[in-house]
Every structure is written in C-alpha cells, then in structure tokens.
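Below is one structure; the comments refer to it alone.
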2 protein chains.
Amino acid sequence: MTSLIYMAKECLQAKGGRMTNQRKSILSVLDTLSGHPTAEEVYRLAKKKYPDVHLSTIYRTLRWLQDEGLLSTQSFAEDTRKERFDPNLSADHAHFLCTKCKKVVEFSEGDLLAEIMQQFESRTKFKVEQVSLTLYGICKDCK
Amino acid sequence: MTSLIYMAKECLQAKGGRMTNQRKSILSVLDTLSGHPTAEEVYRLAKKKYPDVHLSTIYRTLRWLQDEGLLSTQSFAEDTRKERFDPNLSADHAHFLCTKCKKVVEFSEGDLLAEIMQQFESRTKFKVEQVSLTLYGICKDCK
DNA sequence: TTCTTATTGCAAATGATTTGCAAAAACAAA
DNA sequence: TTTGTTTTTGCAAATCATTTGCAATAAGAA
C-alpha cells in the first residue's frame, strides 16, 4: 500500500502544488496513526514535529486531502459535530465505536456491505452508491 | 401506535411539566411529519401554527423529547453538522438518504441488523449496543 | 384570582470549522 | 544565489448550528 505522503506528492506534482513543512508533519501524523483522528488530535500531534503549525492549516490540509480523495470523513453519534478523518479509503469497511473510551475500530465487511447494497437496490429500485455501517458499544478493554 | 403528543403529555404529568402552545405546535408538526426534519425545518412549520415560537424553544423542546426517549437523532454524511430528529423509535430500522433531493427513507431491517450485531459480538467479544446503517444514493424519483 | 415554578424570548456565548488578507515560503527560471 | 511568481501560511475575524443565562411570561394547582 502506497503511503499518504507519496500519494500527496503525486497530487502536488500534477497541479503545481508545494510540499511545505506543515504538510509534511500532518502527513506523517496521518501515516503513523491508526485511528480516526479529529482535527484537534492531528493538530496536537503535528505540533510536536512542527511547533508553528496553525490549526487552520490543519483544517485546510485535511480538507485538501479529502478533496484529492486521499482521506474520507466520518461523524459518529458520540459527537456528531466533530468530524473524524479516516485514512482508510477502502469502501468495504465498517466502524465500531466504543462509547466508553471513544476508540474507533475498523472491520472489513466487504461482502456484507455489498450484499446489503444489492438487496436494497433490487427491492426498491433506488440506486445505492455508498453504505455506512457503524456499531456502537463497549470494547474488550473497557468491559 | 400512540401519538407523540400523548406520550409527551404522560411525561409532563409524571414530572409536573406544562403543556404550552409552543410545545403543542412542535409536537403536532412532528406527529404529522414523515421525514427526519432538522431543527430549522421544525421551526418553519411550527411557526405556522404558533407564529411566536422562538428557535431556541424548538431546540429546547426537541432536546427534551430526546431526553425523554421520544425522539432520536441522526446525522447524515450530506451535512454532518446539522442534526436530524427521528420520531421513529424502533431500533430495527435503517436509513436511505437521497444525495440529490436529500430525502430520507426509512426501511425496517430488524433481522439483518440483529444478525450483524450478533455476528460481530461473537467474532470480537465486544459488546454491541446499537447499530446504525445508512445507505446513500439516488432515489427512484430523482433517477 | 392568586401563587408558585416551569417555560419562554431574547441576546449573548459556545465550539467546530472556514475565510480574507497580508506576510512568508516554495520552487522555477535566470 | 538571487529574483520573481504563485502557493501556502498565520492570524484574526466570520460562520453556522446549537446552547445558555436571565428576566419576563404563562401553566396549572390551590
């Protein structure tokens, strides 16, 4: 799997964009992180590598990566107003959110999701383009 | 199925709350509405019945109904910052959102959702308390 | 009708995210 | 390396949905 940094560089080259220290720090944070961070979380971590990044730069960079299709966003019932950024682009995964520790766990569920889409399409004649499946509960560690 | 208005009155009686004209107008809007309105939408409709309602009263009433368990909230990828209020309390339904006309369609899917929960629980040893399934696409009318 | 206390209107606060703009930094070209 | 062009940044102010404090209003019991 190619890294975010690499893919981002390709986008920049294609459009005459520039690789700044700020972007480098943000990309490396996203590359090493396993979860679904909020902008604030990315901000805190990116600051360790490049203390002068401004929060608005985090937002701009995250939004840019999203526009380039290198990142998707989720919002969970826990806090619907706060966006979470998901570097895992494969469409065939679902999420589990622990309501205690707020941890997000991904699980690939490609077959199931595809089946749900097909069933619903044939039953309703609607055209389904995307499925979002999220489970809420308590993770093993918190039990 | 008992109406929202009726259930709300019961809640009021139990706790010495009061049935105001504002609440009546909001409840009747929710009772007749079929979709998943935002606070703004409830506001616009409630104003027709009781022109002096203030938006903050809408929010307070919606939140109150939610706390009483008579309403649940959803947020959809279309606009993650805006909450939508769902008078359908049965846990066993999923949503389809048309990305063109923003219409929300509910479909009962109890068996499927229960099965997903059980499968995931036995596979991961996590405790699943809630499942949220949302499909996005184009509805029949918009095709 | 009166009294108590829940509820409202309003304006101001909040919190996440976005935007305008002048200053700073990339990178291409010289 | 210096210059020039253009992208990107920092910062402060704007936005937008939602919440809150408080004095004024109105339910509903007595």
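Just remember, in the structure tokens the first chain shown is A, the second B, etc., residues are 1-based per chain, and ligands are 1-based in the order shown.
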query = What are the DSSP strand (DSSP E) residues of chain B, as a PyMOL selection string?
reply = chain B and resi 72-74+84-86+93-98+104-108+127-138
Can you spit out the residues from that selection as a CSV table (one decimal), in the first residue's frame, using N, CA and C atoms?
```csv
chain,number,residue,atom,x,y,z
B,72,SER,N,-35.2,10.3,18.5
B,72,SER,CA,-33.7,10.0,18.4
B,72,SER,C,-33.1,11.0,17.4
B,73,THR,N,-31.8,11.1,17.4
B,73,THR,CA,-31.2,12.0,16.5
B,73,THR,C,-30.2,11.2,15.6
B,74,GLN,N,-30.1,11.8,14.4
B,74,GLN,CA,-29.2,11.2,13.3
B,74,GLN,C,-28.4,12.3,12.7
B,84,ARG,N,-30.6,15.8,12.6
B,84,ARG,CA,-31.9,15.5,12.2
B,84,ARG,C,-32.6,14.6,13.2
B,85,PHE,N,-33.9,14.9,13.4
B,85,PHE,CA,-34.7,14.3,14.5
B,85,PHE,C,-35.6,13.3,14.0
B,86,ASP,N,-35.6,12.1,14.6
B,86,ASP,CA,-36.3,11.0,14.1
B,86,ASP,C,-37.3,10.5,15.1
B,93,HIS,N,-34.6,-0.1,12.4
B,93,HIS,CA,-34.7,0.4,11.1
B,93,HIS,C,-33.4,1.1,10.6
B,94,ALA,N,-33.3,1.1,9.3
B,94,ALA,CA,-32.1,1.8,8.7
B,94,ALA,C,-32.6,2.9,7.9
B,95,HIS,N,-31.6,3.7,7.3
B,95,HIS,CA,-32.0,4.9,6.5
B,95,HIS,C,-31.3,4.9,5.2
B,96,PHE,N,-32.1,5.4,4.2
B,96,PHE,CA,-31.5,5.7,2.9
B,96,PHE,C,-31.7,7.2,2.7
B,97,LEU,N,-30.5,7.8,2.3
B,97,LEU,CA,-30.6,9.3,2.0
B,97,LEU,C,-30.3,9.5,0.6
B,98,CYS,N,-31.2,10.2,-0.1
B,98,CYS,CA,-31.0,10.5,-1.5
B,98,CYS,C,-30.1,11.8,-1.6
B,104,VAL,N,-35.0,11.5,3.2
B,104,VAL,CA,-34.6,10.3,4.0
B,104,VAL,C,-35.7,9.3,3.9
B,105,VAL,N,-35.4,8.1,3.6
B,105,VAL,CA,-36.4,7.0,3.6
B,105,VAL,C,-36.0,6.0,4.6
B,106,GLU,N,-36.9,5.5,5.4
B,106,GLU,CA,-36.6,4.5,6.4
B,106,GLU,C,-37.0,3.1,5.8
B,107,PHE,N,-36.2,2.2,6.2
B,107,PHE,CA,-36.7,0.8,5.9
B,107,PHE,C,-36.4,-0.1,7.1
B,108,SER,N,-37.3,-0.9,7.4
B,108,SER,CA,-37.1,-1.8,8.6
B,108,SER,C,-36.3,-2.9,8.2
B,127,LYS,N,-19.0,-5.7,23.1
B,127,LYS,CA,-20.5,-5.7,23.4
B,127,LYS,C,-21.1,-4.6,22.6
B,128,VAL,N,-22.0,-5.1,21.7
B,128,VAL,CA,-22.6,-4.1,20.7
B,128,VAL,C,-24.0,-3.7,21.3
B,129,GLU,N,-24.2,-2.4,21.4
B,129,GLU,CA,-25.4,-1.9,21.9
B,129,GLU,C,-26.3,-1.3,20.9
B,130,GLN,N,-25.7,-0.9,19.8
B,130,GLN,CA,-26.5,-0.1,18.8
B,130,GLN,C,-25.9,-0.3,17.4
B,131,VAL,N,-26.7,-0.3,16.4
B,131,VAL,CA,-26.2,-0.4,15.0
B,131,VAL,C,-26.8,0.7,14.2
B,132,SER,N,-26.0,1.3,13.4
B,132,SER,CA,-26.5,2.4,12.6
B,132,SER,C,-26.1,2.1,11.1
B,133,LEU,N,-27.1,1.9,10.3
B,133,LEU,CA,-26.9,1.6,8.9
B,133,LEU,C,-27.5,2.6,8.0
B,134,THR,N,-26.7,3.2,7.2
B,134,THR,CA,-27.3,4.3,6.3
B,134,THR,C,-26.8,4.0,4.9
B,135,LEU,N,-27.7,4.1,3.9
B,135,LEU,CA,-27.3,3.9,2.5
B,135,LEU,C,-27.5,5.3,1.9
B,136,TYR,N,-26.5,5.6,1.0
B,136,TYR,CA,-26.6,6.8,0.2
B,136,TYR,C,-26.7,6.5,-1.2
B,137,GLY,N,-27.5,7.3,-1.9
B,137,GLY,CA,-27.7,7.1,-3.4
B,137,GLY,C,-28.7,8.0,-4.0
B,138,ILE,N,-29.3,7.5,-5.0
B,138,ILE,CA,-30.3,8.3,-5.8
B,138,ILE,C,-31.7,7.6,-5.7
```
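Non-sequential neighbours of segment 27-35 of chain B (distance at most 7 Å, separation of 5 or more positions within a chain, only C-alpha atoms (C1' of nucleotides)) are B:Ser3, B:Leu4, B:Ile5, B:Val42, B:Leu45, B:Ala46, B:Val104.
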Got time to write the residues from that selection, C-alpha atoms, as a compact mmCIF listing (two decimals), in the first residue's frame?
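Listing of again-v2.txt after writing:
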```txt
# COMPACT_ATOMS: atom_id res chain seq x y z
CA SER B 3 -49.01 9.62 19.23
CA LEU B 4 -46.09 11.75 20.30
CA ILE B 5 -48.46 14.28 21.81
CA VAL B 42 -39.47 22.07 12.58
CA LEU B 45 -43.54 24.51 10.29
CA ALA B 46 -44.24 25.20 13.93
CA VAL B 104 -34.63 10.33 3.98
```
Residue list for chain D near chain A as a list in words, 9 Å, only C-alpha atoms (C1' of nucleotides) = DT7, DT8, DT9, DG10, DC11 and DA17 of chain D
For chain C, which residues have at least one atom within 12 Å of chain B, if we go by only C-alpha atoms (C1' of nucleotides)? Write them as an mmCIF file with C-alpha atoms (C1' of nucleotides), in the first residue's frame, please.
```
data_model
loop_
_atom_site.group_PDB
_atom_site.id
_atom_site.type_symbol
_atom_site.label_atom_id
_atom_site.label_comp_id
_atom_site.auth_asym_id
_atom_site.auth_seq_id
_atom_site.Cartn_x
_atom_site.Cartn_y
_atom_site.Cartn_z
ATOM 1 C "C1'" DT C 5 -42.496 27.481 39.486
ATOM 2 C "C1'" DA C 6 -41.856 25.718 34.698
ATOM 3 C "C1'" DT C 7 -41.173 27.667 30.320
ATOM 4 C "C1'" DT C 8 -40.258 31.210 27.089
ATOM 5 C "C1'" DG C 9 -37.971 35.000 24.322
ATOM 6 C "C1'" DC C 10 -34.074 37.188 23.525
ATOM 7 C "C1'" DA C 11 -29.433 38.172 23.281
ATOM 8 C "C1'" DG C 15 -17.366 25.308 19.763
ATOM 9 C "C1'" DA C 16 -16.044 23.362 15.411
ATOM 10 C "C1'" DT C 17 -14.829 24.827 11.105
#
```
Filtered DSSP result for chain A, state alpha helix (DSSP H), as a compact mmCIF listing (two decimals) with N, CA and C atoms, in the first residue's frame:
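Result written to selection_29.txt:
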```
# COMPACT_ATOMS: atom_id res chain seq x y z
N LEU A 4 0.48 7.75 2.30
CA LEU A 4 -0.22 9.02 2.08
C LEU A 4 0.74 10.07 1.54
N ILE A 5 1.92 10.12 2.17
CA ILE A 5 2.90 11.13 1.76
C ILE A 5 3.20 11.02 0.27
N TYR A 6 3.39 9.80 -0.16
CA TYR A 6 3.72 9.57 -1.56
C TYR A 6 2.57 10.01 -2.47
N MET A 7 1.38 9.60 -2.10
CA MET A 7 0.22 9.95 -2.92
C MET A 7 -0.01 11.45 -2.94
N ALA A 8 0.24 12.07 -1.79
CA ALA A 8 0.07 13.52 -1.71
C ALA A 8 1.07 14.22 -2.63
N LYS A 9 2.30 13.72 -2.64
CA LYS A 9 3.31 14.33 -3.51
C LYS A 9 2.91 14.24 -4.97
N GLU A 10 2.31 13.13 -5.32
CA GLU A 10 1.84 12.98 -6.71
C GLU A 10 0.79 14.02 -7.05
N CYS A 11 -0.12 14.23 -6.11
CA CYS A 11 -1.15 15.25 -6.34
C CYS A 11 -0.53 16.62 -6.53
N LEU A 12 0.45 16.92 -5.70
CA LEU A 12 1.11 18.22 -5.79
C LEU A 12 1.78 18.40 -7.14
N GLN A 13 2.50 17.36 -7.55
CA GLN A 13 3.19 17.46 -8.82
C GLN A 13 2.23 17.70 -9.98
N ALA A 14 1.10 17.00 -9.92
CA ALA A 14 0.14 17.10 -11.01
C ALA A 14 -0.43 18.52 -11.15
N LYS A 15 -0.47 19.26 -10.05
CA LYS A 15 -1.14 20.56 -10.10
C LYS A 15 -0.26 21.74 -9.70
N ASN A 21 6.67 22.23 5.11
CA ASN A 21 6.95 21.51 6.37
C ASN A 21 5.66 21.19 7.11
N GLN A 22 4.73 22.12 7.06
CA GLN A 22 3.45 21.90 7.71
C GLN A 22 2.77 20.65 7.14
N ARG A 23 2.72 20.58 5.84
CA ARG A 23 2.08 19.42 5.21
C ARG A 23 2.82 18.14 5.53
N LYS A 24 4.14 18.23 5.51
CA LYS A 24 4.91 17.03 5.85
C LYS A 24 4.56 16.52 7.23
N SER A 25 4.49 17.44 8.19
CA SER A 25 4.22 16.99 9.56
C SER A 25 2.83 16.37 9.66
N ILE A 26 1.86 16.99 8.99
CA ILE A 26 0.49 16.48 9.05
C ILE A 26 0.41 15.11 8.38
N LEU A 27 1.05 14.98 7.22
CA LEU A 27 1.00 13.72 6.51
C LEU A 27 1.66 12.60 7.30
N SER A 28 2.77 12.92 7.96
CA SER A 28 3.42 11.85 8.70
C SER A 28 2.60 11.45 9.93
N VAL A 29 1.90 12.41 10.50
CA VAL A 29 0.99 12.06 11.59
C VAL A 29 -0.08 11.10 11.10
N LEU A 30 -0.69 11.44 9.98
CA LEU A 30 -1.76 10.60 9.44
C LEU A 30 -1.24 9.23 9.04
N ASP A 31 0.00 9.19 8.57
CA ASP A 31 0.56 7.93 8.11
C ASP A 31 0.84 6.96 9.25
N THR A 32 1.24 7.52 10.40
CA THR A 32 1.59 6.63 11.51
C THR A 32 0.39 6.29 12.37
N ALA A 39 -9.63 16.84 13.92
CA ALA A 39 -8.66 17.86 13.51
C ALA A 39 -7.78 18.27 14.70
N GLU A 40 -8.40 18.40 15.85
CA GLU A 40 -7.66 18.74 17.08
C GLU A 40 -6.55 17.74 17.38
N GLU A 41 -6.89 16.46 17.23
CA GLU A 41 -5.90 15.43 17.53
C GLU A 41 -4.73 15.50 16.56
N VAL A 42 -5.04 15.70 15.30
CA VAL A 42 -3.98 15.84 14.30
C VAL A 42 -3.13 17.06 14.65
N TYR A 43 -3.80 18.11 15.07
CA TYR A 43 -3.12 19.35 15.44
C TYR A 43 -2.11 19.11 16.55
N ARG A 44 -2.56 18.47 17.62
CA ARG A 44 -1.67 18.21 18.76
C ARG A 44 -0.45 17.41 18.34
N LEU A 45 -0.65 16.41 17.53
CA LEU A 45 0.47 15.56 17.13
C LEU A 45 1.38 16.26 16.13
N ALA A 46 0.79 16.98 15.20
CA ALA A 46 1.60 17.66 14.18
C ALA A 46 2.48 18.73 14.81
N LYS A 47 1.98 19.34 15.87
CA LYS A 47 2.74 20.39 16.55
C LYS A 47 4.05 19.86 17.12
N LYS A 48 4.06 18.59 17.48
CA LYS A 48 5.29 18.02 18.02
C LYS A 48 6.40 18.00 16.99
N LYS A 49 6.03 17.85 15.75
CA LYS A 49 7.04 17.80 14.69
C LYS A 49 7.31 19.19 14.12
N LEU A 55 -3.77 25.79 13.63
CA LEU A 55 -4.93 24.90 13.50
C LEU A 55 -5.62 25.06 12.15
N SER A 56 -5.68 26.27 11.66
CA SER A 56 -6.38 26.47 10.39
C SER A 56 -5.64 25.78 9.25
N THR A 57 -4.34 25.65 9.39
CA THR A 57 -3.58 24.91 8.38
C THR A 57 -3.92 23.42 8.43
N ILE A 58 -4.14 22.92 9.64
CA ILE A 58 -4.57 21.53 9.77
C ILE A 58 -5.88 21.34 9.01
N TYR A 59 -6.82 22.22 9.27
CA TYR A 59 -8.11 22.10 8.59
C TYR A 59 -7.95 22.19 7.09
N ARG A 60 -7.15 23.15 6.64
CA ARG A 60 -7.00 23.31 5.20
C ARG A 60 -6.36 22.09 4.57
N THR A 61 -5.37 21.53 5.24
CA THR A 61 -4.68 20.37 4.70
C THR A 61 -5.59 19.14 4.68
N LEU A 62 -6.31 18.95 5.77
CA LEU A 62 -7.24 17.83 5.85
C LEU A 62 -8.29 17.92 4.74
N ARG A 63 -8.81 19.11 4.56
CA ARG A 63 -9.82 19.32 3.54
C ARG A 63 -9.24 19.09 2.14
N TRP A 64 -8.01 19.53 1.97
CA TRP A 64 -7.34 19.33 0.69
C TRP A 64 -7.19 17.83 0.39
N LEU A 65 -6.72 17.08 1.38
CA LEU A 65 -6.55 15.64 1.19
C LEU A 65 -7.88 14.97 0.89
N GLN A 66 -8.91 15.48 1.54
CA GLN A 66 -10.24 14.94 1.28
C GLN A 66 -10.66 15.22 -0.16
N ASP A 67 -10.42 16.43 -0.62
CA ASP A 67 -10.79 16.80 -1.98
C ASP A 67 -10.01 15.97 -3.00
N GLY A 110 -16.59 -6.27 3.52
CA GLY A 110 -16.92 -6.05 2.12
C GLY A 110 -18.10 -6.85 1.62
N ASP A 111 -18.09 -8.14 1.86
CA ASP A 111 -19.16 -8.99 1.34
C ASP A 111 -20.51 -8.55 1.87
N LEU A 112 -20.56 -8.37 3.18
CA LEU A 112 -21.82 -8.00 3.80
C LEU A 112 -22.35 -6.68 3.25
N LEU A 113 -21.47 -5.68 3.16
CA LEU A 113 -21.92 -4.37 2.69
C LEU A 113 -22.39 -4.44 1.24
N ALA A 114 -21.66 -5.19 0.42
CA ALA A 114 -22.07 -5.34 -0.98
C ALA A 114 -23.44 -6.01 -1.07
N GLU A 115 -23.62 -6.97 -0.20
CA GLU A 115 -24.90 -7.69 -0.23
C GLU A 115 -26.06 -6.80 0.18
N ILE A 116 -25.81 -6.00 1.21
CA ILE A 116 -26.85 -5.08 1.66
C ILE A 116 -27.23 -4.12 0.53
N MET A 117 -26.22 -3.59 -0.15
CA MET A 117 -26.47 -2.68 -1.25
C MET A 117 -27.34 -3.33 -2.32
N GLN A 118 -26.92 -4.52 -2.72
CA GLN A 118 -27.64 -5.19 -3.80
C GLN A 118 -29.08 -5.50 -3.42
N GLN A 119 -29.23 -6.03 -2.21
CA GLN A 119 -30.58 -6.37 -1.76
C GLN A 119 -31.49 -5.15 -1.79
N PHE A 120 -30.97 -4.06 -1.27
CA PHE A 120 -31.80 -2.86 -1.19
C PHE A 120 -32.10 -2.31 -2.58
N GLU A 121 -31.12 -2.35 -3.45
CA GLU A 121 -31.33 -1.87 -4.81
C GLU A 121 -32.43 -2.65 -5.52
N SER A 122 -32.34 -3.96 -5.42
CA SER A 122 -33.32 -4.75 -6.16
C SER A 122 -34.70 -4.63 -5.53
N ARG A 123 -34.76 -4.36 -4.25
CA ARG A 123 -36.04 -4.28 -3.58
C ARG A 123 -36.73 -2.94 -3.85
N THR A 124 -35.95 -1.87 -3.95
CA THR A 124 -36.55 -0.54 -4.01
C THR A 124 -36.39 0.18 -5.34
```
task = Skip DA12 of chain D itself and residues of its chain fewer than 5 positions away, then list as a PyMOL selection string all residues within 12 Å of it, counting only C-alpha atoms (C1' of nucleotides).
result = (chain A and resi 56) or (chain C and resi 19-22)
